[in-house]
Every structure is written in structure tokens, then in C-alpha cells.
Amino acid sequence: MKIDSTLEKQFEDLGDDHVSASEDTPLREDAFVLSDDEKIEKIQDNVREILLTLGLDLNDDSLKGTPNRVAKMFVKEIFGGLNPDKKPKSSVFSNKYKYGEMLVEKNITLYSTCEHHLLPIVGRAHIAYISNGTVVGLSKMNRVVDYYARRPQVQERLNIQIVRELQKVMGTEDVACVIDAKHLCVNSRGIRDIESSTVTAEYGGKFKEDSVRREFLEYIKLETKFQ
């Protein structure tokens, strides 16, 4: 299907402007009719066609396995967060210590993929919550970030999804997340600005209060040192 130049320009502008219609990842109703193996088979055929169209020789030893590698990477790795079966089990525990202050986990490594150009998003997430009687294991916050990042994403939506999930798991609105990430769709194409990064935030409950939000932001500015 040929796209006329006006429509193509509209698509390009929308992509660069990070337009997103919903905080939920847009999925078709039949998204999980095919098994992972069936998806890999279909995707590798399409990747092969793309590479052939670009003029590459897929008989070359270095390239012959690329369609299958890319297909498995899409389904099993970088877009694995689309599969609800891979959603991390987030067990909560009673706050027996009676710890009533803010808990912050910062510098959570984040790898995602821009849904507009399918290029990497790389950065850090910083999460905080105030317990209302339950706590969640520290590694579970990392796993929630990783799960929602492993899909074609918009950073604003990713930020919201992380906070909504932790609010649901812990039964409290008092959750916040700040993400600082580089988008290779900006860094390696288009404007090619390798220095810029994008910062987004989502604040729930008490974190909407200026004093609480400032405390969180001061925590994530602290330098973490190891001996």
C-alpha cells in the first residue's frame, strides 16, 4: 500500500510528538490467538522479506540466521511484556517493622522500545511508595518496570503503567515514579541530538503534595556510593 506524502508527513509528526491515545497498550482482541512459535515463524518471514527488499544477500553466513534471531528477540525478549502470562507475581507482605516513611528505589535500569520507530529507549526509573500496611519486595519493583518496558512504548504511558500496577498491588495511591531516558529515535535519527534525554513523572496520592514530592526528588538526587 502506497502512502501519499501528506499522510506520511502526518504520521512522522505524530510519532515525533509522542501522541498516545490511552494509558493501556493498544492490543487487538486476537493478540494471543497465535502461539509464540507461530508468531516467530510469521515474523521471521516478514523480516526476511524486509532484508531482501533492502538488497541484502541472506546466503551470507552472517545474515542467514538474522530473520529468525530478530523474530525470537521480538517475541521472547524485547516485546515479551505484551504477553500477560509473563506479568510478574508481585507478592506483598505485612509491614511488621511499622515503617511509615517513604521508601525509594532509584536507578532501576530500563530498556524499552519506541513504538513510533521501533528504536531503543534506555534509561533509569526511580520509584517511591508510602506503605499503608503492606510492603512489596524490592526486586518486584524492578520486575514491574521491566515487564511494562518490554513492549512497544511511549515513555509517558510506561510511567503511568508502572505506577498504576504498583498502586493496585499494594492497595495504596501513594506511589510515584520518575523516568529519565534517552530515545534513540531522537539520538540516532531525525534531529540526532545525542545529549538530550526525556524525563517524565507520575505522582499518586500523597506524592501530589509539594512537600512529599520534593522529598522524593531530593532522595533520587543523592549519590549512591559503594566501598
# chains A, B, ... in the order shown; residues from 1 in each chain; ligands from 1
$ residues_around --residues "Gly137 (chain A)" --least-positions-apart "6" --cutoff "12 Å" --atoms "only C-alpha atoms" --output "VMD selection string"
chain A and resid 88 to 95 103 105 143 to 144 166 169 to 170
$ residues_around --residues "Phe79 (chain A)" --least-positions-apart "3" --cutoff "8 Å" --atoms "only C-alpha atoms" --output "compact mmCIF listing (two decimals) with N, CA and C atoms, in the first residue's frame"
# COMPACT_ATOMS: atom_id res chain seq x y z
N MET A 73 13.85 -12.53 19.17
CA MET A 73 14.09 -11.38 20.03
C MET A 73 12.80 -10.59 20.25
N PHE A 74 12.03 -10.37 19.18
CA PHE A 74 10.78 -9.64 19.31
C PHE A 74 9.81 -10.35 20.26
N VAL A 75 9.61 -11.63 20.04
CA VAL A 75 8.58 -12.37 20.78
C VAL A 75 9.02 -12.72 22.19
N LYS A 76 10.25 -13.20 22.33
CA LYS A 76 10.71 -13.72 23.61
C LYS A 76 11.36 -12.67 24.51
N LEU A 82 4.30 -7.84 26.26
CA LEU A 82 2.94 -7.82 25.71
C LEU A 82 2.13 -9.02 26.19
N ARG A 150 9.03 -3.91 28.31
CA ARG A 150 9.26 -4.87 27.22
C ARG A 150 8.06 -4.94 26.28
N ARG A 151 7.81 -3.82 25.65
CA ARG A 151 6.74 -3.72 24.65
C ARG A 151 6.97 -2.44 23.87
N PRO A 152 6.41 -2.30 22.69
CA PRO A 152 6.48 -1.00 22.01
C PRO A 152 5.83 0.04 22.92
$ atom_distance --atom1 "CA of Gly65 (chain A)" --atom2 "CA of Arg48 (chain A)"
9.6 Å
$ atom_distance --atom1 "CA of Glu218 (chain A)" --atom2 "CA of Met141 (chain A)"
19.9 Å
$ select_by_dssp --residues "region 67-200 of chain A" --states "alpha helix (DSSP H)" --output "PyMOL selection string"
chain A and resi 67-72+138-149+155-170+184-187
$ residues_around --residues "Leu222 (chain A)" --least-positions-apart "3" --cutoff "12 Å" --atoms "only C-alpha atoms" --output "ChimeraX atom specification"
/A:104-107,126,215-219,225
$ write_last_selection --atoms "C-alpha atoms" --output "PDB file, in the first residue's frame"
ATOM      1  CA  VAL A 104      12.577   4.848  47.407  1.00  0.00           C
ATOM      2  CA  GLU A 105      14.214   2.539  44.909  1.00  0.00           C
ATOM      3  CA  LYS A 106      16.208   4.553  42.412  1.00  0.00           C
ATOM      4  CA  ASN A 107      18.302   3.932  39.318  1.00  0.00           C
ATOM      5  CA  HIS A 126      13.029   5.876  40.206  1.00  0.00           C
ATOM      6  CA  GLU A 215      11.327  14.878  49.458  1.00  0.00           C
ATOM      7  CA  PHE A 216      11.174  12.157  46.793  1.00  0.00           C
ATOM      8  CA  LEU A 217      13.052  14.280  44.268  1.00  0.00           C
ATOM      9  CA  GLU A 218      15.743  15.050  46.860  1.00  0.00           C
ATOM     10  CA  TYR A 219      16.207  11.330  47.531  1.00  0.00           C
ATOM     11  CA  LYS A 225      28.383   5.022  46.711  1.00  0.00           C
TER      12      LYS A 225
END
$ residues_around --residues "Lys72 (chain A)" --least-positions-apart "2" --cutoff "9 Å" --atoms "only C-alpha atoms" --output "list of chain:residue names"
A:Asp36, A:Asp37, A:Lys39, A:Ile40, A:Glu41, A:Ile43, A:Gln44, A:Pro67, A:Asn68, A:Arg69, A:Val70, A:Phe74, A:Val75, A:Lys76, A:Glu77
$ write_last_selection --atoms "C-alpha atoms" --output "CSV table (one decimal), in the first residue's frame"
chain,number,residue,atom,x,y,z
A,36,ASP,CA,4.8,-17.7,20.4
A,37,ASP,CA,6.3,-20.3,18.0
A,39,LYS,CA,4.4,-15.7,15.8
A,40,ILE,CA,8.2,-16.3,15.4
A,41,GLU,CA,7.6,-18.2,12.2
A,43,ILE,CA,7.7,-12.6,11.9
A,44,GLN,CA,10.9,-14.2,10.5
A,67,PRO,CA,15.4,-13.3,10.4
A,68,ASN,CA,15.0,-16.0,13.0
A,69,ARG,CA,17.1,-14.2,15.6
A,70,VAL,CA,15.1,-11.0,15.1
A,74,PHE,CA,10.8,-9.6,19.3
A,75,VAL,CA,8.6,-12.4,20.8
A,76,LYS,CA,10.7,-13.7,23.6
A,77,GLU,CA,12.7,-10.7,24.7
$ atom_distance --atom1 "CA of Gly205 (chain A)" --atom2 "CA of Glu23 (chain A)"
18.2 Å
